[in-house]
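**Q** What follows is model-v3.cif, made up of mmCIF, C-alpha atoms:
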```
data_entry
#
loop_
_atom_site.group_PDB
_atom_site.id
_atom_site.type_symbol
_atom_site.label_atom_id
_atom_site.label_comp_id
_atom_site.auth_asym_id
_atom_site.auth_seq_id
_atom_site.Cartn_x
_atom_site.Cartn_y
_atom_site.Cartn_z
ATOM 1 C CA MET A 27 -108.692 29.982 -24.605
ATOM 2 C CA ASN A 28 -105.045 30.220 -23.432
ATOM 3 C CA GLU A 29 -104.342 32.376 -20.398
ATOM 4 C CA PRO A 30 -102.197 35.447 -21.116
ATOM 5 C CA ASN A 31 -98.679 35.587 -19.768
ATOM 6 C CA TYR A 32 -99.163 38.073 -16.958
ATOM 7 C CA GLU A 33 -95.478 38.187 -16.082
ATOM 8 C CA SER A 34 -94.615 39.625 -19.497
ATOM 9 C CA TYR A 35 -97.473 42.135 -19.452
ATOM 10 C CA SER A 36 -96.767 45.842 -19.523
ATOM 11 C CA ALA A 37 -99.209 48.697 -19.997
ATOM 12 C CA ILE A 38 -99.363 50.230 -23.454
ATOM 13 C CA LYS A 39 -98.327 53.568 -21.921
ATOM 14 C CA ALA A 40 -94.987 51.971 -21.040
ATOM 15 C CA TRP A 41 -94.312 50.906 -24.639
ATOM 16 C CA ALA A 42 -92.084 52.815 -27.008
ATOM 17 C CA GLU A 43 -94.113 55.558 -28.661
ATOM 18 C CA ASP A 44 -93.754 53.968 -32.123
ATOM 19 C CA ASP A 45 -95.307 50.758 -30.774
ATOM 20 C CA ARG A 46 -98.414 52.296 -29.221
ATOM 21 C CA PRO A 47 -101.376 51.806 -31.608
ATOM 22 C CA ARG A 48 -102.700 55.377 -31.473
ATOM 23 C CA GLU A 49 -99.301 57.012 -31.767
ATOM 24 C CA LYS A 50 -98.283 54.523 -34.444
ATOM 25 C CA LEU A 51 -101.351 55.444 -36.495
ATOM 26 C CA LEU A 52 -100.554 59.150 -36.169
ATOM 27 C CA LEU A 53 -96.900 58.691 -37.088
ATOM 28 C CA LYS A 54 -97.120 56.027 -39.799
ATOM 29 C CA GLY A 55 -100.743 55.892 -40.968
ATOM 30 C CA LYS A 56 -103.567 53.424 -40.400
ATOM 31 C CA SER A 57 -102.467 50.958 -43.082
ATOM 32 C CA VAL A 58 -99.401 49.809 -41.098
ATOM 33 C CA LEU A 59 -101.429 48.744 -38.060
ATOM 34 C CA SER A 60 -102.359 45.112 -37.561
ATOM 35 C CA ASP A 61 -105.976 44.059 -37.060
ATOM 36 C CA ALA A 62 -105.242 43.604 -33.351
ATOM 37 C CA GLU A 63 -103.814 47.122 -33.067
ATOM 38 C CA LEU A 64 -106.808 48.658 -34.843
ATOM 39 C CA LEU A 65 -109.201 46.723 -32.613
ATOM 40 C CA ALA A 66 -107.194 47.856 -29.570
ATOM 41 C CA ILE A 67 -107.845 51.480 -30.540
ATOM 42 C CA ILE A 68 -111.565 50.700 -30.719
ATOM 43 C CA LEU A 69 -111.436 49.002 -27.303
ATOM 44 C CA GLY A 70 -109.552 51.924 -25.783
ATOM 45 C CA SER A 71 -108.188 49.918 -22.851
ATOM 46 C CA GLY A 72 -107.563 46.424 -21.597
ATOM 47 C CA THR A 73 -107.670 45.174 -18.021
ATOM 48 C CA ALA A 74 -105.334 45.499 -15.060
ATOM 49 C CA LYS A 75 -103.355 42.522 -16.342
ATOM 50 C CA VAL A 76 -103.971 42.436 -20.097
ATOM 51 C CA SER A 77 -103.261 45.266 -22.548
ATOM 52 C CA ALA A 78 -105.837 46.369 -25.104
ATOM 53 C CA VAL A 79 -103.693 44.790 -27.836
ATOM 54 C CA ASP A 80 -103.522 41.441 -26.041
ATOM 55 C CA LEU A 81 -107.269 41.552 -25.397
ATOM 56 C CA SER A 82 -107.777 42.275 -29.096
ATOM 57 C CA LYS A 83 -105.602 39.277 -29.983
ATOM 58 C CA GLN A 84 -107.732 37.047 -27.757
ATOM 59 C CA ILE A 85 -110.901 38.217 -29.491
ATOM 60 C CA LEU A 86 -109.412 37.802 -32.982
ATOM 61 C CA ASN A 87 -107.987 34.375 -32.136
ATOM 62 C CA SER A 88 -111.484 33.222 -31.195
ATOM 63 C CA CYS A 89 -112.562 34.164 -34.743
ATOM 64 C CA ASP A 90 -109.534 32.549 -36.432
ATOM 65 C CA GLN A 91 -108.351 36.056 -37.398
ATOM 66 C CA ASN A 92 -111.404 36.389 -39.644
ATOM 67 C CA LEU A 93 -112.973 39.856 -39.551
ATOM 68 C CA ASN A 94 -116.166 38.552 -41.161
ATOM 69 C CA GLU A 95 -116.575 36.201 -38.194
ATOM 70 C CA LEU A 96 -115.810 39.048 -35.787
ATOM 71 C CA GLY A 97 -118.631 41.022 -37.383
ATOM 72 C CA LYS A 98 -121.044 38.195 -36.574
ATOM 73 C CA LEU A 99 -120.336 38.162 -32.813
ATOM 74 C CA SER A 100 -123.249 39.327 -30.722
ATOM 75 C CA ILE A 101 -122.988 41.713 -27.773
ATOM 76 C CA SER A 102 -123.330 38.806 -25.353
ATOM 77 C CA GLU A 103 -120.603 36.815 -27.126
ATOM 78 C CA LEU A 104 -118.213 39.763 -27.012
ATOM 79 C CA LYS A 105 -118.884 40.250 -23.319
ATOM 80 C CA LYS A 106 -117.573 36.753 -22.589
ATOM 81 C CA PHE A 107 -114.055 38.166 -22.869
ATOM 82 C CA LYS A 108 -112.719 39.469 -19.572
ATOM 83 C CA GLY A 109 -112.358 43.208 -19.926
ATOM 84 C CA VAL A 110 -115.200 43.631 -22.426
ATOM 85 C CA GLY A 111 -118.352 45.089 -20.910
ATOM 86 C CA ASP A 112 -121.445 46.617 -22.449
ATOM 87 C CA ALA A 113 -119.698 49.788 -23.640
ATOM 88 C CA LYS A 114 -116.805 48.037 -25.389
ATOM 89 C CA ALA A 115 -119.019 45.325 -26.882
ATOM 90 C CA ILE A 116 -121.381 47.959 -28.281
ATOM 91 C CA THR A 117 -118.449 49.977 -29.643
ATOM 92 C CA ILE A 118 -117.026 46.929 -31.465
ATOM 93 C CA SER A 119 -120.446 46.001 -32.835
ATOM 94 C CA ALA A 120 -121.042 49.562 -34.049
ATOM 95 C CA ALA A 121 -117.603 49.718 -35.705
ATOM 96 C CA MET A 122 -118.206 46.438 -37.546
ATOM 97 C CA GLU A 123 -121.619 47.652 -38.722
ATOM 98 C CA LEU A 124 -120.049 50.874 -40.050
ATOM 99 C CA ALA A 125 -117.482 48.773 -41.929
ATOM 100 C CA ARG A 126 -120.283 46.677 -43.427
ATOM 101 C CA ARG A 127 -122.196 49.778 -44.515
ATOM 102 C CA ARG A 128 -119.059 51.296 -45.992
ATOM 103 C CA ARG A 129 -118.606 48.249 -48.210
ATOM 104 C CA SER A 130 -122.229 48.579 -49.257
ATOM 105 C CA ASP A 131 -121.920 52.303 -49.996
ATOM 106 C CA GLN A 132 -118.860 51.702 -52.161
ATOM 107 C CA LEU A 133 -121.089 49.895 -54.621
ATOM 108 C CA ILE A 134 -122.400 52.713 -56.742
ATOM 109 C CA LYS A 135 -126.128 52.772 -57.253
ATOM 110 C CA LYS A 136 -127.311 52.503 -60.825
ATOM 111 C CA LYS A 137 -124.727 49.743 -61.251
ATOM 112 C CA LYS A 138 -125.595 47.618 -64.261
ATOM 113 C CA VAL A 139 -126.015 43.920 -63.576
ATOM 114 C CA ALA A 140 -124.687 41.815 -66.425
ATOM 115 C CA SER A 141 -123.987 38.589 -64.516
ATOM 116 C CA SER A 142 -124.585 36.791 -61.246
ATOM 117 C CA GLN A 143 -121.132 37.990 -60.132
ATOM 118 C CA ASP A 144 -122.290 41.603 -60.488
ATOM 119 C CA ALA A 145 -125.327 40.855 -58.350
ATOM 120 C CA TYR A 146 -123.191 39.029 -55.784
ATOM 121 C CA GLN A 147 -120.806 41.967 -55.441
ATOM 122 C CA TYR A 148 -123.758 44.219 -54.684
ATOM 123 C CA LEU A 149 -125.411 41.793 -52.259
ATOM 124 C CA TYR A 150 -122.380 40.487 -50.381
ATOM 125 C CA PRO A 151 -121.938 43.515 -48.068
ATOM 126 C CA LEU A 152 -125.644 43.454 -47.285
ATOM 127 C CA LEU A 153 -125.988 39.806 -46.317
ATOM 128 C CA ALA A 154 -122.684 38.025 -45.758
ATOM 129 C CA ASP A 155 -121.954 38.986 -42.134
ATOM 130 C CA LEU A 156 -125.424 38.457 -40.713
ATOM 131 C CA PRO A 157 -125.914 35.779 -38.010
ATOM 132 C CA HIS A 158 -129.530 35.278 -39.141
ATOM 133 C CA GLU A 159 -131.261 34.858 -42.491
ATOM 134 C CA GLU A 160 -132.606 37.837 -44.398
ATOM 135 C CA PHE A 161 -134.490 37.900 -47.681
ATOM 136 C CA VAL A 162 -133.768 40.830 -50.004
ATOM 137 C CA VAL A 163 -135.165 41.901 -53.361
ATOM 138 C CA VAL A 164 -133.058 44.019 -55.730
ATOM 139 C CA LEU A 165 -135.035 46.233 -58.104
ATOM 140 C CA LEU A 166 -133.696 46.985 -61.592
ATOM 141 C CA ASN A 167 -134.809 49.282 -64.386
ATOM 142 C CA ARG A 168 -135.235 48.396 -68.049
ATOM 143 C CA GLY A 169 -131.479 48.712 -68.633
ATOM 144 C CA ASN A 170 -130.701 46.200 -65.842
ATOM 145 C CA LYS A 171 -129.325 48.972 -63.656
ATOM 146 C CA ILE A 172 -129.914 48.715 -59.920
ATOM 147 C CA MET A 173 -132.503 51.154 -58.628
ATOM 148 C CA THR A 174 -132.531 50.073 -54.987
ATOM 149 C CA HIS A 175 -132.973 47.047 -52.750
ATOM 150 C CA LYS A 176 -135.448 46.221 -50.019
ATOM 151 C CA THR A 177 -135.271 43.786 -47.113
ATOM 152 C CA ILE A 178 -138.430 41.669 -47.239
ATOM 153 C CA SER A 179 -138.017 39.639 -44.077
ATOM 154 C CA ARG A 180 -135.666 38.685 -41.279
ATOM 155 C CA GLY A 181 -135.625 35.268 -39.698
ATOM 156 C CA GLY A 182 -133.608 32.995 -37.468
ATOM 157 C CA VAL A 183 -130.432 31.059 -38.076
ATOM 158 C CA SER A 184 -132.181 28.436 -40.196
ATOM 159 C CA GLY A 185 -134.745 30.314 -42.249
ATOM 160 C CA THR A 186 -136.909 33.266 -43.152
ATOM 161 C CA VAL A 187 -140.180 33.741 -45.017
ATOM 162 C CA ALA A 188 -140.703 35.892 -48.115
ATOM 163 C CA ASP A 189 -144.190 37.204 -48.901
ATOM 164 C CA ALA A 190 -144.838 37.356 -52.659
ATOM 165 C CA LYS A 191 -147.462 40.110 -52.231
ATOM 166 C CA ILE A 192 -144.944 42.396 -50.501
ATOM 167 C CA ILE A 193 -142.276 41.727 -53.138
ATOM 168 C CA PHE A 194 -144.587 42.510 -56.041
ATOM 169 C CA GLN A 195 -146.057 45.559 -54.298
ATOM 170 C CA ILE A 196 -142.573 47.059 -53.831
ATOM 171 C CA ALA A 197 -141.570 46.260 -57.424
ATOM 172 C CA LEU A 198 -144.719 47.854 -58.853
ATOM 173 C CA GLU A 199 -144.449 50.955 -56.642
ATOM 174 C CA LYS A 200 -140.863 51.520 -57.817
ATOM 175 C CA LEU A 201 -141.795 50.764 -61.457
ATOM 176 C CA ALA A 202 -139.112 48.091 -61.628
ATOM 177 C CA SER A 203 -138.713 46.113 -64.845
ATOM 178 C CA SER A 204 -136.983 43.162 -63.223
ATOM 179 C CA ILE A 205 -135.950 41.865 -59.828
ATOM 180 C CA ILE A 206 -133.224 39.745 -58.288
ATOM 181 C CA LEU A 207 -134.096 37.687 -55.229
ATOM 182 C CA ALA A 208 -131.511 36.929 -52.579
ATOM 183 C CA HIS A 209 -131.125 35.500 -49.127
ATOM 184 C CA ASN A 210 -128.191 34.429 -47.004
ATOM 185 C CA HIS A 211 -127.286 31.147 -45.342
ATOM 186 C CA PRO A 212 -125.399 31.958 -42.098
ATOM 187 C CA SER A 213 -124.167 28.347 -42.005
ATOM 188 C CA GLY A 214 -122.266 28.892 -45.257
ATOM 189 C CA ASN A 215 -124.086 25.974 -46.897
ATOM 190 C CA LEU A 216 -124.993 27.060 -50.423
ATOM 191 C CA THR A 217 -127.390 24.223 -51.207
ATOM 192 C CA ALA A 218 -130.809 25.392 -52.381
ATOM 193 C CA SER A 219 -133.592 23.766 -50.375
ATOM 194 C CA GLN A 220 -136.801 22.511 -51.942
ATOM 195 C CA ALA A 221 -138.564 25.404 -50.201
ATOM 196 C CA ASP A 222 -136.143 27.848 -51.886
ATOM 197 C CA ILE A 223 -136.837 26.309 -55.293
ATOM 198 C CA ARG A 224 -140.633 26.283 -54.800
ATOM 199 C CA LEU A 225 -140.634 29.909 -53.679
ATOM 200 C CA THR A 226 -138.496 30.985 -56.644
ATOM 201 C CA ASN A 227 -140.781 29.236 -59.140
ATOM 202 C CA LYS A 228 -143.859 30.730 -57.470
ATOM 203 C CA LEU A 229 -142.387 34.238 -57.695
ATOM 204 C CA LYS A 230 -141.250 33.725 -61.282
ATOM 205 C CA GLU A 231 -144.746 32.644 -62.339
ATOM 206 C CA GLY A 232 -146.402 35.519 -60.490
ATOM 207 C CA ALA A 233 -143.964 38.070 -61.900
ATOM 208 C CA SER A 234 -144.713 37.022 -65.485
ATOM 209 C CA LEU A 235 -148.365 38.021 -64.990
ATOM 210 C CA LEU A 236 -147.211 41.521 -64.011
ATOM 211 C CA ASP A 237 -144.800 41.973 -66.927
ATOM 212 C CA LEU A 238 -141.963 41.657 -64.420
ATOM 213 C CA GLN A 239 -138.906 39.446 -64.842
ATOM 214 C CA VAL A 240 -137.112 37.504 -62.121
ATOM 215 C CA LEU A 241 -133.495 37.571 -63.295
ATOM 216 C CA ASP A 242 -131.979 35.421 -60.572
ATOM 217 C CA HIS A 243 -132.124 34.186 -57.014
ATOM 218 C CA LEU A 244 -128.832 34.220 -55.126
ATOM 219 C CA ILE A 245 -127.966 32.408 -51.917
ATOM 220 C CA ILE A 246 -125.135 34.282 -50.215
ATOM 221 C CA GLY A 247 -122.571 32.460 -48.083
ATOM 222 C CA ASP A 248 -119.450 33.687 -46.295
ATOM 223 C CA GLU A 249 -117.263 34.080 -49.359
ATOM 224 C CA ASN A 250 -119.279 32.519 -52.172
ATOM 225 C CA TYR A 251 -122.750 32.248 -53.612
ATOM 226 C CA LEU A 252 -125.218 30.064 -55.475
ATOM 227 C CA SER A 253 -126.994 31.487 -58.541
ATOM 228 C CA PHE A 254 -130.261 29.857 -59.498
ATOM 229 C CA ALA A 255 -129.883 31.206 -63.027
ATOM 230 C CA ASP A 256 -126.327 29.868 -63.458
ATOM 231 C CA ASP A 257 -127.271 26.462 -62.058
ATOM 232 C CA GLY A 258 -130.407 26.035 -64.182
ATOM 233 C CA LEU A 259 -132.772 26.308 -61.210
ATOM 234 C CA LEU A 260 -134.634 29.332 -62.522
#
```
Take the structure in the file and give it back as structure tokens.
**A**
Amino acid sequence: MNEPNYESYSAIKAWAEDDRPREKLLLKGKSVLSDAELLAIILGSGTAKVSAVDLSKQILNSCDQNLNELGKLSISELKKFKGVGDAKAITISAAMELARRRRSDQLIKKKKVASSQDAYQYLYPLLADLPHEEFVVVLLNRGNKIMTHKTISRGGVSGTVADAKIIFQIALEKLASSIILAHNHPSGNLTASQADIRLTNKLKEGASLLDLQVLDHLIIGDENYLSFADDGLL
């Protein structure tokens, strides 16, 4: 990481009012602020030698300016930046989680799923930013409209386990007519493993005995997905 130019540093309070992030937001609206300026408002302050904006730029540069990657940083990783302690790291993490939930809430429940793309749009906010694997089941009614979703398991970076009994119990309790299976790959690799394929076939066979249909199994990456149904794996 490049050292900041301390000689050119000046406190945000010394900047022109239009250039200060908080005042700029009040005067011109939030949409005109850069990612670094918005993050600086969340941070609240920098250090004795680095402004909040410059500290924000350092953090964003470490993520290649990618907010999805920023959302994956743990508290301990955020604290590696000089000037970021527990309070600021927790504040950033909480803000990113709120942003993730907002994206999820924007997807109206009872949304009809007509394609794998529809399912992906619903699942992406739930799974894409996670640093670990999670397995989720989406429950649909007879009209292929989403009723709800449930997280079945959480695992490590390289895998998680899904219990068929738990999946079917939830589906039967909610009187679902069909389900969509999904899990994320934090690595971004969208290749279905043999374990993924075996599990999907096992669940498909079990579901048929309960008059329940498995519509698809999606593997969610950073900005893309794999559909078992589209790729003939279901």
**Q** Could you tell me, as a VMD selection string, exactly which residues end up selected when the PyMOL selection byres ((chain A and resi 125) around 12) is applied to this structure?
**A** chain A and resid 93 to 94 96 to 97 118 to 124 126 to 132 151 to 152 155
**Q** Env of segment 190-203 of chain A: 7 Å cut, atoms = only C-alpha atoms, seq-sep filter 4 positions within chain, self excluded. Answer as number ranges by chain.
**A** A: 165-168, 229, 238-239
**Q** Restricting the calculation to only C-alpha atoms: of A:Asn170, A:Asn215, A:Thr226, A:Lys105, which residue gets closest to Asp189 of chain A?
**A**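 Nearest to Asp189 of chain A: A:Thr226.
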**Q** Just give me the gap between atom CA of Leu81 of chain A and atom CA of Lys56 of chain A in Å, one decimal is fine.
**A**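 Atom CA of Leu81 of chain A sits 19.5 Å away from atom CA of Lys56 of chain A.
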**Q** Name the residues that the PyMOL selection byres ((chain A and resi 60-70) around 6) picks from the file above, as a list in words, using the file's chain letters and numbers.
**A**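 Here the PyMOL selection byres ((chain A and resi 60-70) around 6) matches Pro47, Leu59, Ser71, Ala78, Val79, Ser82, Lys83 and Lys114 of chain A.
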**Q** Give me the residues of segment 52-165 of chain A that have any atom at most 9 Å from an atom of segment 241-250 of chain A; for each, the nearest atom pair and the distance in Å, rounded to one decimal. Use only C-alpha atoms, sort by chain and number, and format it as a Markdown table.
**A**
```
| residue | atom | partner | partner_atom | distance |
| --- | --- | --- | --- | --- |
| A:Asn94 | CA | A:Asp248 | CA | 7.8 |
| A:Glu95 | CA | A:Asp248 | CA | 9.0 |
| A:Ser142 | CA | A:Asp242 | CA | 7.5 |
| A:Ala145 | CA | A:Leu244 | CA | 8.2 |
| A:Tyr146 | CA | A:Leu244 | CA | 7.4 |
| A:Leu149 | CA | A:Ile246 | CA | 7.8 |
| A:Tyr150 | CA | A:Ile246 | CA | 6.8 |
| A:Leu153 | CA | A:Ile246 | CA | 6.8 |
| A:Ala154 | CA | A:Asp248 | CA | 5.4 |
| A:Asp155 | CA | A:Asp248 | CA | 7.2 |
```
**Q** Could you save those same residues with C-alpha atoms as a compact mmCIF listing (two decimals), in the frame of the given file?
**A**
```
# COMPACT_ATOMS: atom_id res chain seq x y z
CA ASN A 94 -116.17 38.55 -41.16
CA GLU A 95 -116.58 36.20 -38.19
CA SER A 142 -124.58 36.79 -61.25
CA ALA A 145 -125.33 40.85 -58.35
CA TYR A 146 -123.19 39.03 -55.78
CA LEU A 149 -125.41 41.79 -52.26
CA TYR A 150 -122.38 40.49 -50.38
CA LEU A 153 -125.99 39.81 -46.32
CA ALA A 154 -122.68 38.02 -45.76
CA ASP A 155 -121.95 38.99 -42.13
```
**Q** Give as a list in words every residue, naming chains and numbers as the document does, that has an atom within 8 Å of (-130.1, 48.8, -58.8), counting only C-alpha atoms.
**A**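 Using only C-alpha atoms, the matching residues come out as Lys135, Lys136, Lys137, Lys138, Val139, Val164, Leu165, Leu166, Asn167, Asn170, Lys171, Ile172, Met173, Thr174 and His175 of chain A.
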**Q** For segment 73-81 of chain A, what centre and edge lengths in Å (one decimal) does the axis-aligned box get once 8 Å is added on each side of all its listed atoms, as AutoDock Vina command-line options?
**A**
```
--center_x -105.5 --center_y 43.9 --center_z -21.4 --size_x 20.4 --size_y 20.9 --size_z 28.8
```
**Q** Just checking: using all atoms listed in the file, which residue out of A:Gly258, A:Gly181, A:Pro157, A:Gly169 ends up closest to Ser100 of chain A?
**A**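 Residue with the minimum atom-to-atom distance to Ser100 of chain A: A:Pro157.
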**Q** I'd like to know which of A:Ala188, A:Val163, A:Leu156, A:Leu236 is closest to Lys176 of chain A, using all atoms listed in the file.
**A**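 Going through A:Ala188, A:Val163, A:Leu156, A:Leu236 one by one, the smallest distance to Lys176 of chain A is for A:Val163.
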**Q** Let me make sure I understand: among A:Ala115, A:Ile101, A:Leu225, A:Ala218, which one has the smallest atom-to-atom distance to Ser253 of chain A if we use only C-alpha atoms?
**A** A:Ala218
**Q** Suppose you want the space between atom CA of Asn92 of chain A and atom CA of Leu104 of chain A; what is it in Å?
**A**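 Those two atoms sit 14.7 Å apart.
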**Q** Mind giving me the straight-line distance from atom CA of Ala233 of chain A to atom CA of Asp257 of chain A in Å, one decimal?
**A**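 We find that atom CA of Ala233 of chain A and atom CA of Asp257 of chain A lie 20.3 Å from each other.
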**Q** With a distance cut-off of 10 Å and all atoms listed in the file, select the neighbouring residues of Arg180 of chain A, excluding the residue or stretch itself and same-chain residues fewer than 4 positions from it, and output the selection as a list in words.
**A** His158, Glu159, Glu160, Phe161, Val162, Gly185, Thr186, Val187, Ala188 and His209 of chain A
**Q** Measuring atom to atom with all atoms listed in the file, identify which of A:His211, A:Ile206, A:Leu216, A:Asp237 is nearest to Ala255 of chain A.
**A**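 Among A:His211, A:Ile206, A:Leu216, A:Asp237, it is A:Ile206 that comes nearest to Ala255 of chain A.
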**Q** Using all atoms listed in the file, which of the listed residues (A:Asp80, A:Asp144, A:Leu207, A:Ala113) sits closest to Lys230 of chain A?
**A**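 Smallest distance to Lys230 of chain A is found for A:Leu207.
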